[in-house]
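**Q** I have a structure I would like to understand better, so I am pasting it below and will then ask my questions one at a time.
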Amino acid sequence: MNTFLILFFTLFTYSIASPYHGQIRDLVPADDEDADLSVMELLQKYGYPAEEHFVTTSDGYILRMHRIPHGKNSDTVSDKVVFLMHGLLCSSADWVLTGTEHGLGYLMADAGYDVWMGNARGNHESRNHTTLNPDTDDDFWHFSWHEIGAIDVATMIDYALEVTGQSQVVHIGHSQGSTSYYVMTAMRPEYNAKIKAHFSLAPIAYMNHMTSPLMHILAFWSGSLDLLAELIGMNEFLPSNDFMEMIGDDLCADDDPTQALCSNALFVICGFSPDEMNATILPVLMGHTPAGISVRQMMHYAQEINSGEFRQYDFGLDNLIEYGQLTPPNYELENIQAPIYLYFSRNDWLSAEEDVLKFCTGIGSACKEMILVADGEFNHLDYLYGIRTPELVYKPMIEIIAHLD
């Protein structure tokens, strides 16, 4: 059976079983045309300066980056550089698809920043390589978020600094975008000097207390490779394609009675907060997300759940070949030195408060502040799509950034 159908009906079952039957809110309808527009087209449509850049990693992946060099009402490129890194299943589009009054990319540009938005290897913006074909070469997909942090993020930051002539960026990461940052600074501590400060939205390092049903299913079956291959494939997991766009168009229309079901299908992965979900953006969201990842990215998180550690990818018996030891090495948290601000919430199924606290303790003085979002129902996706996210998270964060030493 088609992988998407299996996952969709799994999520359908969870949605039916969900105890929540609240009203999902419809605000100003989104322009469904935006589902089919590229990031460059979105930026240009709404009157923002837009640039597209490409950089090649040391292992041959060709990464696409998007840049908003200044705000809509300015012609001056700022000397303050901010780098936004997306989370799992997302892309640079997720920083702008919610509109000019909501998307963090727009808000940062209008606040006077030179905004760079990265894309990890394997998503639909960076599905390219100098020698490997993602459709035919299994080796293309032999990476997890370890390589994204240790190679991709570092390469994109170097490129942004070279183009701008600056020495530091403010780094903001959502979900996996925080994980990859921790990997980069733990594995390549020289990059701490290139970071003015890092802001983690829904931080993920330790996952002992995460509650996502889907992730627990993957963790439970992570030892059964044949079954997982049938469910999620061996290489690529959930690429963005016409099937997912069809779900957005047909199941998430404003007047469709299945709108709440479609919303719950997303919430199964990331937590329930219907009051923060502007369901009218779902067709646009589904046009851009899921953006494509490797199976190893999901499995690396599943391994974290089972091990209770924040460590490198577990190759099983091949650990002796890869690492010279039976178990993967833990990431050296003492190497993470640049200032970090951790935003967490208490309805986040992937980033639990206890796990965020454990990470904050582990990085010592680098943890400048743990900031609890002032909404008990705020969830993992709300950092991107929540109705009140600009007021609850973005604008206070921009104020902190403006006063950094």
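Going by the structure tokens order, chains are called A, B, ..., each with residues numbered from 1, while ligands are numbered from 1 in the order shown.
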Would you list the contacts of Arg188 (chain A) as JSON, numbers by chain, taking every protein, DNA or RNA residue within 12 Å and counting only C-alpha atoms, but skipping same-chain residues closer than 2 positions in sequence?
**A** {"A": [146, 147, 149, 150, 151, 153, 154, 155, 180, 181, 182, 183, 184, 185, 186, 190, 191, 192, 193, 194, 331, 332, 333, 334, 335, 336, 337]}
**Q** Tell me which protein, DNA and RNA residues are within 9 Å of Ser294 (chain A), counting only C-alpha atoms, leaving out same-chain ones fewer than 5 positions away, and put them as a list in words.
**A** Arg121, Gly122, Asn123, Trp141, His142, Phe143, Ser144, Met234, Asn235, Glu236, Phe237, Leu238, Pro239 and Met299 of chain A
**Q** Would you output that residue set with C-alpha atoms, as a PDB file, in the first residue's frame?
**A**
ATOM      1  CA  ARG A 121      19.821  18.329   2.287  1.00  0.00           C
ATOM      2  CA  GLY A 122      16.966  16.171   1.029  1.00  0.00           C
ATOM      3  CA  ASN A 123      14.073  18.610   1.293  1.00  0.00           C
ATOM      4  CA  TRP A 141      19.655   9.410   1.503  1.00  0.00           C
ATOM      5  CA  HIS A 142      22.325   8.024   3.820  1.00  0.00           C
ATOM      6  CA  PHE A 143      22.268  10.933   6.243  1.00  0.00           C
ATOM      7  CA  SER A 144      20.495  12.014   9.418  1.00  0.00           C
ATOM      8  CA  MET A 234      14.142   2.702   3.279  1.00  0.00           C
ATOM      9  CA  ASN A 235      15.529   6.019   2.077  1.00  0.00           C
ATOM     10  CA  GLU A 236      13.156   8.953   1.607  1.00  0.00           C
ATOM     11  CA  PHE A 237      10.378   9.687   4.111  1.00  0.00           C
ATOM     12  CA  LEU A 238       7.282  11.749   3.229  1.00  0.00           C
ATOM     13  CA  PRO A 239       8.369  13.768   0.208  1.00  0.00           C
ATOM     14  CA  MET A 299      15.096   6.974  12.919  1.00  0.00           C
TER      15      MET A 299
END
**Q** Write out as a count of residues only which residues come within 8 Å of region 174-179 of chain A when counting only C-alpha atoms, dropping same-chain ones fewer than 4 positions away.
**A** 17
**Q** Skip region 105-107 of chain A itself and residues of its chain fewer than 4 positions away, then list as a ChimeraX atom specification all residues within 12 Å of it, counting only C-alpha atoms.
**A** /A:39,42-44,46-50,66-73,81-86,92-101,111-118,172,384,389-391,393-399
**Q** Once you have the residues from the selection above, write them out as a compact mmCIF listing (two decimals), in the first residue's frame, restricted to N, CA and C atoms.
**A**
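As written to disk, selection-v9.txt reads:
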# COMPACT_ATOMS: atom_id res chain seq x y z
N VAL A 39 9.23 29.83 -2.97
CA VAL A 39 9.56 30.84 -1.97
C VAL A 39 9.89 32.17 -2.64
N LEU A 42 6.67 33.74 -3.64
CA LEU A 42 5.94 34.26 -2.49
C LEU A 42 6.51 35.62 -2.05
N LEU A 43 7.82 35.69 -1.92
CA LEU A 43 8.44 36.94 -1.49
C LEU A 43 8.15 38.07 -2.47
N GLN A 44 8.27 37.77 -3.75
CA GLN A 44 8.04 38.80 -4.77
C GLN A 44 6.58 39.20 -4.84
N TYR A 46 4.49 39.45 -2.46
CA TYR A 46 4.13 40.33 -1.35
C TYR A 46 5.07 41.53 -1.20
N GLY A 47 5.86 41.79 -2.25
CA GLY A 47 6.60 43.03 -2.34
C GLY A 47 7.90 43.09 -1.57
N TYR A 48 8.50 41.93 -1.28
CA TYR A 48 9.76 41.91 -0.54
C TYR A 48 10.93 41.62 -1.47
N PRO A 49 12.09 42.20 -1.17
CA PRO A 49 13.28 41.85 -1.95
C PRO A 49 13.62 40.38 -1.73
N ALA A 50 14.01 39.69 -2.78
CA ALA A 50 14.21 38.24 -2.69
C ALA A 50 15.46 37.83 -3.45
N HIS A 66 17.44 31.01 0.78
CA HIS A 66 16.67 32.20 0.40
C HIS A 66 17.06 33.36 1.31
N ARG A 67 17.07 34.55 0.72
CA ARG A 67 17.50 35.73 1.46
C ARG A 67 16.50 36.87 1.27
N ILE A 68 16.15 37.53 2.37
CA ILE A 68 15.41 38.78 2.34
C ILE A 68 16.37 39.83 2.90
N PRO A 69 17.07 40.56 2.03
CA PRO A 69 18.16 41.42 2.51
C PRO A 69 17.72 42.63 3.32
N HIS A 70 16.47 43.04 3.18
CA HIS A 70 15.96 44.16 3.98
C HIS A 70 14.45 44.13 3.93
N GLY A 71 13.83 45.00 4.69
CA GLY A 71 12.39 45.03 4.79
C GLY A 71 11.71 45.59 3.56
N LYS A 72 10.41 45.50 3.57
CA LYS A 72 9.59 45.94 2.42
C LYS A 72 9.71 47.44 2.19
N ASN A 73 9.85 48.21 3.25
CA ASN A 73 9.86 49.67 3.14
C ASN A 73 11.25 50.26 3.33
N VAL A 81 22.80 40.18 10.59
CA VAL A 81 22.41 38.98 9.84
C VAL A 81 21.74 37.98 10.76
N VAL A 82 20.60 37.48 10.34
CA VAL A 82 19.91 36.43 11.07
C VAL A 82 19.75 35.22 10.15
N PHE A 83 20.00 34.05 10.70
CA PHE A 83 19.90 32.81 9.93
C PHE A 83 18.79 31.95 10.53
N LEU A 84 17.78 31.62 9.71
CA LEU A 84 16.65 30.81 10.15
C LEU A 84 16.79 29.40 9.62
N MET A 85 16.69 28.41 10.51
CA MET A 85 16.81 27.01 10.09
C MET A 85 15.54 26.26 10.46
N HIS A 86 14.94 25.66 9.46
CA HIS A 86 13.64 24.98 9.58
C HIS A 86 13.74 23.68 10.37
N SER A 92 12.49 26.39 3.96
CA SER A 92 12.50 27.84 4.12
C SER A 92 11.12 28.44 3.92
N ALA A 93 10.25 27.76 3.19
CA ALA A 93 8.90 28.27 2.94
C ALA A 93 8.11 28.50 4.23
N ASP A 94 8.38 27.68 5.25
CA ASP A 94 7.58 27.75 6.47
C ASP A 94 7.81 29.04 7.26
N TRP A 95 8.86 29.77 6.94
CA TRP A 95 9.10 31.05 7.61
C TRP A 95 8.31 32.18 6.97
N VAL A 96 7.66 31.93 5.82
CA VAL A 96 6.96 33.02 5.13
C VAL A 96 5.56 32.65 4.67
N LEU A 97 5.19 31.38 4.66
CA LEU A 97 3.92 31.00 4.03
C LEU A 97 2.70 31.48 4.79
N THR A 98 2.86 31.87 6.07
CA THR A 98 1.71 32.34 6.84
C THR A 98 1.39 33.81 6.60
N GLY A 99 2.18 34.51 5.80
CA GLY A 99 1.86 35.88 5.44
C GLY A 99 2.75 36.93 6.06
N THR A 100 2.64 38.13 5.56
CA THR A 100 3.57 39.21 5.92
C THR A 100 3.41 39.70 7.34
N GLU A 101 2.22 39.52 7.94
CA GLU A 101 2.00 39.97 9.31
C GLU A 101 2.30 38.88 10.33
N ALA A 111 12.00 44.32 10.76
CA ALA A 111 12.63 44.82 11.99
C ALA A 111 14.06 45.27 11.76
N GLY A 112 14.54 45.17 10.51
CA GLY A 112 15.86 45.69 10.18
C GLY A 112 16.97 44.67 10.08
N TYR A 113 16.62 43.41 9.78
CA TYR A 113 17.63 42.36 9.68
C TYR A 113 17.79 41.85 8.26
N ASP A 114 18.98 41.40 7.97
CA ASP A 114 19.28 40.71 6.71
C ASP A 114 18.99 39.24 6.97
N VAL A 115 17.92 38.72 6.39
CA VAL A 115 17.38 37.41 6.75
C VAL A 115 17.82 36.35 5.75
N TRP A 116 18.48 35.32 6.25
CA TRP A 116 18.86 34.16 5.44
C TRP A 116 18.08 32.95 5.95
N MET A 117 17.50 32.20 5.02
CA MET A 117 16.70 31.03 5.37
C MET A 117 17.31 29.80 4.70
N GLY A 118 17.79 28.87 5.51
CA GLY A 118 18.48 27.69 5.00
C GLY A 118 17.54 26.56 4.63
N ILE A 172 18.40 31.20 14.52
CA ILE A 172 17.11 30.80 15.07
C ILE A 172 16.72 29.48 14.44
N LEU A 384 5.35 27.99 14.36
CA LEU A 384 5.32 28.42 12.96
C LEU A 384 3.96 28.98 12.55
N THR A 389 1.27 33.55 17.60
CA THR A 389 2.71 33.36 17.70
C THR A 389 3.51 34.67 17.60
N PRO A 390 3.15 35.60 16.70
CA PRO A 390 3.92 36.85 16.68
C PRO A 390 3.92 37.57 18.03
N GLU A 391 2.77 37.57 18.72
CA GLU A 391 2.69 38.26 20.01
C GLU A 391 3.33 37.43 21.13
N VAL A 393 5.65 34.87 20.85
CA VAL A 393 7.03 34.41 20.67
C VAL A 393 7.87 35.39 19.84
N TYR A 394 7.45 35.67 18.61
CA TYR A 394 8.33 36.38 17.68
C TYR A 394 8.70 37.78 18.14
N LYS A 395 7.71 38.60 18.47
CA LYS A 395 8.00 40.00 18.81
C LYS A 395 8.81 40.12 20.09
N PRO A 396 8.50 39.36 21.15
CA PRO A 396 9.39 39.40 22.33
C PRO A 396 10.80 38.90 22.02
N MET A 397 10.94 37.90 21.16
CA MET A 397 12.26 37.40 20.79
C MET A 397 13.03 38.46 20.01
N ILE A 398 12.36 39.14 19.08
CA ILE A 398 13.04 40.21 18.33
C ILE A 398 13.50 41.30 19.26
N GLU A 399 12.75 41.57 20.31
CA GLU A 399 13.16 42.57 21.29
C GLU A 399 14.42 42.12 22.02
**Q** Quick check, in Å to one decimal: how far apart do CA of Ser307 (chain A) and CA of Pro290 (chain A) lie?
**A**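 A separation of 26.8 Å between them.
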**Q** Have a look at A:Val77, A:Met108, A:Ile387, A:Ile293 and name the one nearest to Pro274 (chain A); count only C-alpha atoms.
**A** A:Ile387
**Q** I'd like to know which of A:Thr136, A:Thr131, A:Asn306, A:Ser167 is closest to Ile217 (chain A), using only C-alpha atoms.
**A** A:Asn306
**Q** Could you state the separation of CA of Arg346 (chain A) and CA of Asp382 (chain A) in Å, given to one decimal place?
**A**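 So the answer is 12.0 Å.
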**Q** Would you please work out which residue, of A:Gly324, A:Gly386, A:Gly308, A:Pro329, is nearest to Tyr206 (chain A) when using only C-alpha atoms?
**A** A:Gly308
**Q** Taking the chain letters and numbering used in this document, name the residues of region 4-216 of chain A that DSSP puts in alpha helix (DSSP H), as a VMD selection string.
**A** chain A and resid 4 to 17 39 to 45 104 to 110 145 to 147 154 to 164 176 to 187 213 to 216
**Q** Give the strand (DSSP E or B) residues of region 70-301 of chain A, as DSSP finds them on the backbone, and put them as a VMD selection string.
**A** chain A and resid 81 to 85 114 to 117 129 169 to 174 195 to 201 236 to 237 277 to 278 293 to 294
**Q** Please list as a list in words every residue within 8 Å of His198 (chain A), counting only C-alpha atoms and excluding residues in the same chain fewer than 3 positions away.
**A**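 Contacts, in chain order: Val170, His171, Ile172, Gly173, Ile195, Ala338, Pro339, Ile340 and Tyr341 of chain A.
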**Q** Write a file of the selected residues as a compact mmCIF listing (two decimals), in the first residue's frame, keeping N, CA and C atoms.
**A**
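Ended up saving to out_22.txt:
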# COMPACT_ATOMS: atom_id res chain seq x y z
N VAL A 170 22.89 35.84 14.05
CA VAL A 170 21.95 35.36 15.05
C VAL A 170 21.27 34.14 14.44
N HIS A 171 21.32 33.02 15.12
CA HIS A 171 20.76 31.78 14.58
C HIS A 171 19.46 31.46 15.30
N ILE A 172 18.40 31.20 14.52
CA ILE A 172 17.11 30.80 15.07
C ILE A 172 16.72 29.48 14.44
N GLY A 173 16.45 28.47 15.27
CA GLY A 173 16.09 27.16 14.75
C GLY A 173 14.80 26.66 15.37
N ILE A 195 28.51 32.76 16.01
CA ILE A 195 27.12 32.88 16.46
C ILE A 195 27.02 33.96 17.52
N ALA A 338 28.25 29.37 22.62
CA ALA A 338 27.53 30.59 22.26
C ALA A 338 26.22 30.68 23.05
N PRO A 339 25.74 31.89 23.36
CA PRO A 339 24.52 32.05 24.17
C PRO A 339 23.30 31.42 23.51
N ILE A 340 22.50 30.72 24.33
CA ILE A 340 21.31 30.02 23.83
C ILE A 340 20.10 30.42 24.67
N TYR A 341 19.00 30.73 23.96
CA TYR A 341 17.71 31.00 24.59
C TYR A 341 16.74 29.91 24.16
